[in-house]
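The file my_file-v5.pdb comes next; it holds PDB, C-alpha atoms.
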```pdb
MODEL        1
ATOM      1  CA  MET D   1       0.000   0.000   0.000
ATOM      2  CA  LEU D   2       1.321   3.423  -0.969
ATOM      3  CA  THR D   3       1.423   5.866   1.957
ATOM      4  CA  GLY D   4       3.290   8.848   0.495
ATOM      5  CA  ILE D   5       3.232  11.420  -2.281
ATOM      6  CA  ILE D   6       5.452  14.112  -3.785
ATOM      7  CA  GLY D   7       4.454  17.719  -3.303
ATOM      8  CA  LYS D   8       5.530  21.342  -3.471
ATOM      9  CA  LYS D   9       5.470  24.003  -0.786
ATOM     10  CA  LEU D  10       3.330  26.933  -1.899
ATOM     11  CA  GLY D  11       3.706  29.164   1.150
ATOM     12  CA  MET D  12       2.280  29.882   4.573
ATOM     13  CA  THR D  13      -0.993  31.395   5.726
ATOM     14  CA  GLN D  14      -3.192  31.374   8.801
ATOM     15  CA  VAL D  15      -6.449  29.628   9.579
ATOM     16  CA  PHE D  16      -8.912  30.059  12.418
ATOM     17  CA  ASP D  17     -10.032  27.211  14.656
ATOM     18  CA  ALA D  18     -13.488  26.688  16.170
ATOM     19  CA  LYS D  19     -12.683  29.113  18.998
ATOM     20  CA  GLY D  20     -11.546  31.867  16.637
ATOM     21  CA  ARG D  21      -7.838  31.498  17.370
ATOM     22  CA  ALA D  22      -5.417  32.061  14.478
ATOM     23  CA  GLU D  23      -3.040  29.207  13.717
ATOM     24  CA  ALA D  24      -0.102  29.128  11.317
ATOM     25  CA  ALA D  25      -0.579  26.767   8.390
ATOM     26  CA  THR D  26       1.282  25.718   5.257
ATOM     27  CA  LEU D  27      -0.224  25.240   1.799
ATOM     28  CA  ILE D  28       1.167  22.230  -0.051
ATOM     29  CA  GLU D  29       0.493  21.166  -3.620
ATOM     30  CA  ALA D  30       0.279  17.391  -3.201
ATOM     31  CA  GLY D  31       0.484  15.642  -6.561
ATOM     32  CA  PRO D  32      -0.863  14.527  -8.849
ATOM     33  CA  CYS D  33       1.863  11.901  -9.178
ATOM     34  CA  VAL D  34       2.146   8.991 -11.589
ATOM     35  CA  VAL D  35       3.640   5.608 -10.679
ATOM     36  CA  THR D  36       6.557   5.128 -13.086
ATOM     37  CA  GLN D  37       8.209   2.039 -11.589
ATOM     38  CA  ILE D  38       7.482  -0.626  -8.966
ATOM     39  CA  LYS D  39      10.158  -2.384  -6.953
ATOM     40  CA  THR D  40       9.376  -5.624  -5.154
ATOM     41  CA  GLY D  41      11.058  -7.683  -2.489
ATOM     42  CA  THR D  42      11.788 -10.550  -4.863
ATOM     43  CA  SER D  43      13.485  -8.476  -7.571
ATOM     44  CA  ASP D  44      14.966  -5.553  -5.626
ATOM     45  CA  GLY D  45      14.998  -6.628  -1.983
ATOM     46  CA  TYR D  46      12.392  -4.094  -0.859
ATOM     47  CA  ASN D  47       8.950  -2.788  -1.804
ATOM     48  CA  ALA D  48       8.748   0.720  -3.221
ATOM     49  CA  ALA D  49       7.082   2.771  -5.911
ATOM     50  CA  GLN D  50       8.803   5.410  -7.990
ATOM     51  CA  LEU D  51       6.596   8.461  -8.512
ATOM     52  CA  GLY D  52       6.860  11.157 -11.163
ATOM     53  CA  PHE D  53       5.856  14.733 -10.328
ATOM     54  CA  GLY D  54       5.899  18.023 -12.217
ATOM     55  CA  SER D  55       6.454  18.651 -15.894
ATOM     56  CA  ASN D  56       9.753  19.241 -17.641
ATOM     57  CA  LYS D  57      10.453  19.736 -21.344
ATOM     58  CA  LYS D  58      14.168  18.997 -21.091
ATOM     59  CA  ILE D  59      14.787  15.521 -19.714
ATOM     60  CA  LYS D  60      17.572  13.075 -20.461
ATOM     61  CA  SER D  61      17.033  10.195 -22.838
ATOM     62  CA  PRO D  62      17.272   7.391 -20.206
ATOM     63  CA  ILE D  63      14.558   9.042 -18.104
ATOM     64  CA  LYS D  64      12.455   9.689 -21.190
ATOM     65  CA  GLY D  65      12.713   6.023 -22.139
ATOM     66  CA  GLN D  66      11.846   4.834 -18.650
ATOM     67  CA  CYS D  67       8.743   7.039 -18.512
ATOM     68  CA  ARG D  68       7.650   6.420 -22.112
ATOM     69  CA  GLY D  69       3.903   6.764 -22.398
ATOM     70  CA  LEU D  70       3.541   8.056 -18.831
ATOM     71  CA  GLY D  71       4.708  11.649 -19.161
ATOM     72  CA  GLU D  72       7.781  13.861 -18.907
ATOM     73  CA  PHE D  73       8.405  14.472 -15.215
ATOM     74  CA  ARG D  74      10.720  16.904 -13.526
ATOM     75  CA  PHE D  75      11.070  14.880 -10.334
ATOM     76  CA  LEU D  76      11.292  11.133  -9.720
ATOM     77  CA  ARG D  77      11.285   9.899  -6.140
ATOM     78  CA  GLU D  78      10.829   6.537  -4.441
ATOM     79  CA  ILE D  79       8.242   5.928  -1.719
ATOM     80  CA  ARG D  80       8.583   2.798   0.387
ATOM     81  CA  MET D  81       5.578   0.466   0.630
ATOM     82  CA  THR D  82       4.602  -2.413   2.865
ATOM     83  CA  SER D  83       3.210  -4.288  -0.142
ATOM     84  CA  SER D  84       3.154  -3.661  -3.891
ATOM     85  CA  GLU D  85       0.010  -5.670  -4.656
ATOM     86  CA  ASP D  86      -2.423  -2.736  -4.933
ATOM     87  CA  VAL D  87      -0.169  -0.433  -6.990
ATOM     88  CA  ASN D  88       0.323  -0.577 -10.757
ATOM     89  CA  ILE D  89       2.495   1.349 -13.201
ATOM     90  CA  GLY D  90       0.533   4.280 -14.598
ATOM     91  CA  ASP D  91      -1.649   4.780 -11.507
ATOM     92  CA  THR D  92      -2.284   8.394 -10.515
ATOM     93  CA  ILE D  93      -1.834   9.373  -6.871
ATOM     94  CA  ASP D  94      -3.363  12.617  -5.623
ATOM     95  CA  ALA D  95      -4.292  14.442  -2.414
ATOM     96  CA  GLY D  96      -7.286  12.139  -1.954
ATOM     97  CA  MET D  97      -5.104   9.755   0.051
ATOM     98  CA  PHE D  98      -5.241  12.248   2.951
ATOM     99  CA  ASN D  99      -8.171  13.454   5.044
ATOM    100  CA  ALA D 100      -8.633  16.265   7.534
ATOM    101  CA  GLY D 101      -7.267  15.189  10.899
ATOM    102  CA  ASP D 102      -4.616  12.833   9.508
ATOM    103  CA  LYS D 103      -1.090  12.965  10.902
ATOM    104  CA  ILE D 104       1.704  13.231   8.343
ATOM    105  CA  ASP D 105       5.493  13.390   8.158
ATOM    106  CA  VAL D 106       6.948  15.969   5.758
ATOM    107  CA  VAL D 107      10.471  15.647   4.351
ATOM    108  CA  GLY D 108      12.138  18.628   2.692
ATOM    109  CA  THR D 109      15.425  20.477   2.240
ATOM    110  CA  SER D 110      16.004  23.314   4.700
ATOM    111  CA  LYS D 111      16.857  26.806   3.486
ATOM    112  CA  GLY D 112      20.537  27.332   2.748
ATOM    113  CA  ARG D 113      22.163  30.006   4.916
ATOM    114  CA  GLY D 114      25.654  29.885   3.454
ATOM    115  CA  PHE D 115      28.738  30.012   5.692
ATOM    116  CA  ALA D 116      27.633  30.885   9.223
ATOM    117  CA  GLY D 117      29.451  31.374  12.511
ATOM    118  CA  VAL D 118      28.853  29.435  15.700
ATOM    119  CA  VAL D 119      26.466  32.024  17.185
ATOM    120  CA  LYS D 120      24.022  31.757  14.295
ATOM    121  CA  ARG D 121      24.670  28.112  13.418
ATOM    122  CA  HIS D 122      24.719  26.537  16.884
ATOM    123  CA  GLY D 123      23.369  29.204  19.227
ATOM    124  CA  PHE D 124      26.626  29.956  21.090
ATOM    125  CA  ARG D 125      26.459  33.029  23.316
ATOM    126  CA  GLY D 126      29.925  34.330  22.375
ATOM    127  CA  GLY D 127      32.673  35.672  24.600
ATOM    128  CA  PRO D 128      32.695  38.452  27.200
ATOM    129  CA  LYS D 129      31.662  41.867  25.994
ATOM    130  CA  THR D 130      33.967  43.874  28.270
ATOM    131  CA  HIS D 131      37.397  43.799  29.965
ATOM    132  CA  GLY D 132      39.244  44.438  26.740
ATOM    133  CA  GLN D 133      37.782  41.537  24.753
ATOM    134  CA  SER D 134      36.989  43.648  21.728
ATOM    135  CA  ASP D 135      37.320  40.863  19.148
ATOM    136  CA  ARG D 136      35.767  37.875  20.961
ATOM    137  CA  LEU D 137      32.074  38.755  20.892
ATOM    138  CA  ARG D 138      31.066  36.000  18.433
ATOM    139  CA  ALA D 139      34.109  33.735  18.667
ATOM    140  CA  PRO D 140      33.745  29.969  19.355
ATOM    141  CA  GLY D 141      36.234  29.826  22.224
ATOM    142  CA  SER D 142      38.576  26.898  22.728
ATOM    143  CA  VAL D 143      38.250  24.077  20.196
ATOM    144  CA  GLY D 144      40.698  21.631  21.795
ATOM    145  CA  GLY D 145      43.634  21.319  24.186
ATOM    146  CA  GLY D 146      47.184  21.790  22.913
ATOM    147  CA  THR D 147      48.729  18.694  24.511
ATOM    148  CA  THR D 148      45.679  16.570  25.245
ATOM    149  CA  PRO D 149      44.009  15.686  22.972
ATOM    150  CA  GLY D 150      46.243  17.755  20.697
ATOM    151  CA  ARG D 151      43.615  17.886  17.967
ATOM    152  CA  VAL D 152      40.037  18.928  17.301
ATOM    153  CA  TRP D 153      37.511  16.201  18.097
ATOM    154  CA  LYS D 154      35.393  14.969  15.210
ATOM    155  CA  GLY D 155      31.909  16.481  15.376
ATOM    156  CA  LYS D 156      33.025  19.637  17.188
ATOM    157  CA  LYS D 157      30.496  22.431  16.701
ATOM    158  CA  MET D 158      32.247  25.048  14.601
ATOM    159  CA  ALA D 159      31.505  27.584  11.887
ATOM    160  CA  GLY D 160      30.551  26.153   8.507
ATOM    161  CA  HIS D 161      27.872  25.626   5.884
ATOM    162  CA  MET D 162      24.439  26.118   7.458
ATOM    163  CA  GLY D 163      21.218  24.715   6.071
ATOM    164  CA  SER D 164      20.601  22.847   2.793
ATOM    165  CA  GLN D 165      20.040  19.616   4.721
ATOM    166  CA  THR D 166      17.284  17.021   4.580
ATOM    167  CA  VAL D 167      14.851  17.710   7.423
ATOM    168  CA  THR D 168      11.845  15.637   8.526
ATOM    169  CA  VAL D 169       9.026  17.235  10.530
ATOM    170  CA  ARG D 170       6.831  14.577  12.113
ATOM    171  CA  ASN D 171       3.195  14.371  13.144
ATOM    172  CA  LEU D 172       1.838  17.472  11.446
ATOM    173  CA  GLU D 173      -1.937  17.657  11.285
ATOM    174  CA  VAL D 174      -3.822  17.966   8.012
ATOM    175  CA  LEU D 175      -6.396  20.712   8.501
ATOM    176  CA  LYS D 176      -7.959  20.433   5.045
ATOM    177  CA  ALA D 177      -7.543  18.268   1.944
ATOM    178  CA  ASP D 178      -8.770  19.812  -1.320
ATOM    179  CA  VAL D 179      -8.767  16.905  -3.784
ATOM    180  CA  GLU D 180     -10.007  18.939  -6.767
ATOM    181  CA  ASN D 181      -7.084  21.368  -6.571
ATOM    182  CA  ASN D 182      -4.588  18.880  -5.051
ATOM    183  CA  LEU D 183      -4.016  21.113  -2.046
ATOM    184  CA  LEU D 184      -3.243  20.250   1.567
ATOM    185  CA  VAL D 185      -3.529  22.745   4.407
ATOM    186  CA  VAL D 186      -1.132  21.567   7.109
ATOM    187  CA  LYS D 187      -0.915  22.953  10.630
ATOM    188  CA  GLY D 188       2.494  24.467  11.352
ATOM    189  CA  ALA D 189       5.591  24.928   9.206
ATOM    190  CA  VAL D 190       7.391  22.542   6.876
ATOM    191  CA  PRO D 191      11.058  22.635   5.781
ATOM    192  CA  GLY D 192      12.331  24.590   2.807
ATOM    193  CA  MET D 193      11.453  27.627   0.772
ATOM    194  CA  GLN D 194       8.501  28.348  -1.477
ATOM    195  CA  LYS D 195       8.232  25.975  -4.453
ATOM    196  CA  GLY D 196      10.565  23.581  -2.660
ATOM    197  CA  LEU D 197      10.106  19.843  -3.215
ATOM    198  CA  LEU D 198       8.491  17.867  -0.393
ATOM    199  CA  ILE D 199       7.775  14.232   0.380
ATOM    200  CA  ILE D 200       4.511  13.854   2.308
ATOM    201  CA  LYS D 201       3.981  10.536   4.087
ATOM    202  CA  LYS D 202       1.420   9.248   6.544
ATOM    203  CA  ALA D 203       2.907   9.316  10.041
ATOM    204  CA  ASN D 204       4.162   5.934  11.216
ATOM    205  CA  ARG D 205       4.459   6.767  14.889
ATOM    206  CA  SER D 206       2.406   8.786  17.351
ATOM    207  CA  LYS D 207       5.256  10.804  18.930
TER
ENDMDL
END
```
Rewrite the coordinates I just gave you, this time as structure tokens.
Amino acid sequence: MLTGIIGKKLGMTQVFDAKGRAEAATLIEAGPCVVTQIKTGTSDGYNAAQLGFGSNKKIKSPIKGQCRGLGEFRFLREIRMTSSEDVNIGDTIDAGMFNAGDKIDVVGTSKGRGFAGVVKRHGFRGGPKTHGQSDRLRAPGSVGGGTTPGRVWKGKKMAGHMGSQTVTVRNLEVLKADVENNLLVVKGAVPGMQKGLLIIKKANRSK
């Protein structure tokens, strides 16, 4: 059974609950997606379906041959399945697989922030702001002893590339599912920028 779909983040808005309180929400274009390939446990070692999403005029010949007769897709992504019995190549998957009140997990790529220091990247407080420390306000401090250990430990929090990482936000609530327009209104925020690619899956755990 297929439990996920490819989507696109359209932006954020606010909705009002039954008590009139405003809540932040995200609009997601969920599908429609077309099943372009099916992988089974006997042939590939696991069950999954490859979905095609979005249109693209310039695609490479191998992809065009694989999706012959199905369409020219900009994105191809695999969604794991528990069983491949109910899914066939050419099937269309849309927002109808979700209902209001469902819990979902959303996978996306976080916004890239470029090269960032430790204060912005890791939340360090910086050095003292007085007693002559004019150049230590946003410095990381000591990164390792000179004799012991005599090196910088692997995984040390330091300045570097921030963002542009795969992020999963779990157990978001679907406030509304508009099947005709393939739109999902999801409570809260999801990773990435507007028009960013998302994988929307039914939540597999309660916490």
Which residues, named as in the file, does the PyMOL selection byres ((chain D and resi 67) around 12) pick out? Answer as an mmCIF file with C-alpha atoms, keeping the file's coordinate frame.
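Wrote it out as part-v8.cif, contents follow:
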```
data_model
loop_
_atom_site.group_PDB
_atom_site.id
_atom_site.type_symbol
_atom_site.label_atom_id
_atom_site.label_comp_id
_atom_site.auth_asym_id
_atom_site.auth_seq_id
_atom_site.Cartn_x
_atom_site.Cartn_y
_atom_site.Cartn_z
ATOM 1 C CA VAL D 34 2.146 8.991 -11.589
ATOM 2 C CA VAL D 35 3.640 5.608 -10.679
ATOM 3 C CA THR D 36 6.557 5.128 -13.086
ATOM 4 C CA GLN D 37 8.209 2.039 -11.589
ATOM 5 C CA GLN D 50 8.803 5.410 -7.990
ATOM 6 C CA LEU D 51 6.596 8.461 -8.512
ATOM 7 C CA GLY D 52 6.860 11.157 -11.163
ATOM 8 C CA PHE D 53 5.856 14.733 -10.328
ATOM 9 C CA ILE D 59 14.787 15.521 -19.714
ATOM 10 C CA LYS D 60 17.572 13.075 -20.461
ATOM 11 C CA SER D 61 17.033 10.195 -22.838
ATOM 12 C CA PRO D 62 17.272 7.391 -20.206
ATOM 13 C CA ILE D 63 14.558 9.042 -18.104
ATOM 14 C CA LYS D 64 12.455 9.689 -21.190
ATOM 15 C CA GLY D 65 12.713 6.023 -22.139
ATOM 16 C CA GLN D 66 11.846 4.834 -18.650
ATOM 17 C CA ARG D 68 7.650 6.420 -22.112
ATOM 18 C CA GLY D 69 3.903 6.764 -22.398
ATOM 19 C CA LEU D 70 3.541 8.056 -18.831
ATOM 20 C CA GLY D 71 4.708 11.649 -19.161
ATOM 21 C CA GLU D 72 7.781 13.861 -18.907
ATOM 22 C CA PHE D 73 8.405 14.472 -15.215
ATOM 23 C CA ARG D 74 10.720 16.904 -13.526
ATOM 24 C CA PHE D 75 11.070 14.880 -10.334
ATOM 25 C CA LEU D 76 11.292 11.133 -9.720
ATOM 26 C CA ILE D 89 2.495 1.349 -13.201
ATOM 27 C CA GLY D 90 0.533 4.280 -14.598
#
```
Original post:
Where does the PyMOL selection byres ((chain D and resi 139) around 8) land in this file, that is, which residues does it pick, as a ChimeraX atom specification?
Top reply: /D:118-119,126-127,135-138,140-141
Subject >> Nearest to Leu172 of chain D, chosen from D:Ala18, D:Ala25, D:Met193, D:Leu10, with only C-alpha atoms counted in the distances >> reply: D:Ala25
Subject >> Selection: 8 Å around Lys202 of chain D, all atoms listed in the file, excl. self and same-chain fewer than 5 positions, as a PyMOL selection string >> reply: chain D and resi 3-4+102-105
**OP:** Apply the PyMOL selection byres ((chain D and resi 28) around 7) to the displayed file and report the matching residues as a PyMOL selection string.
**Re:** chain D and resi 7-10+26-27+29-30+183-185
Original post:
Using all atoms listed in the file, which of D:Pro128, D:Gly117, D:Pro191, D:Gly54 sits nearest His161 of chain D?
Top reply: D:Gly117
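The nearest approach to Ala177 of chain D among the residues D:Asn99, D:Gln194, D:Ser164, D:Thr130, with only C-alpha atoms taken into account, belongs to D:Asn99.
If all atoms listed in the file are the atoms counted, then among D:Thr148, D:Thr109, D:Asn56, D:Gln14 the closest residue to Val169 of chain D is D:Thr109.
Taking atom CA of Ala189 of chain D as the reference point, atom CA of Ala24 of chain D is found at 7.4 Å.
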If you take every atom of segment 57-74 of chain D that the file lists and fit an axis-aligned box around them with 3 Å extra on each side, what centre and edge lengths come out in Å to one decimal, as AutoDock Vina command-line options?
```
--center_x 10.6 --center_y 12.3 --center_z -18.2 --size_x 20.0 --size_y 20.9 --size_z 15.3
```
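The set of protein, DNA and RNA residues with any counted atom at most 10 Å from (13.0, 16.8, 1.6) (only C-alpha atoms) reads Ile6, Gly7, Val106, Val107, Gly108, Thr109, Ser110, Ser164, Gln165, Thr166, Val167, Thr168, Val169, Val190, Pro191, Gly192, Gly196, Leu197, Leu198, Ile199 and Ile200 of chain D.
Relative to atom CA of Ile93 of chain D, atom CA of Ala203 of chain D is found at 17.6 Å.
Nearest to Asp17 of chain D of all the residues D:Lys176, D:Ala49, D:Thr82, D:His122 is D:Lys176, counting all atoms listed in the file.
Counting all atoms listed in the file and comparing D:Cys33, D:Val186, D:Ala48, D:Met1, the residue that lies closest to Ala100 of chain D is D:Val186.
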**OP:** Work out how far atom CA of Ile5 of chain D is from atom CA of Ser84 of chain D, in Å to one decimal.
**Re:** 15.2 Å
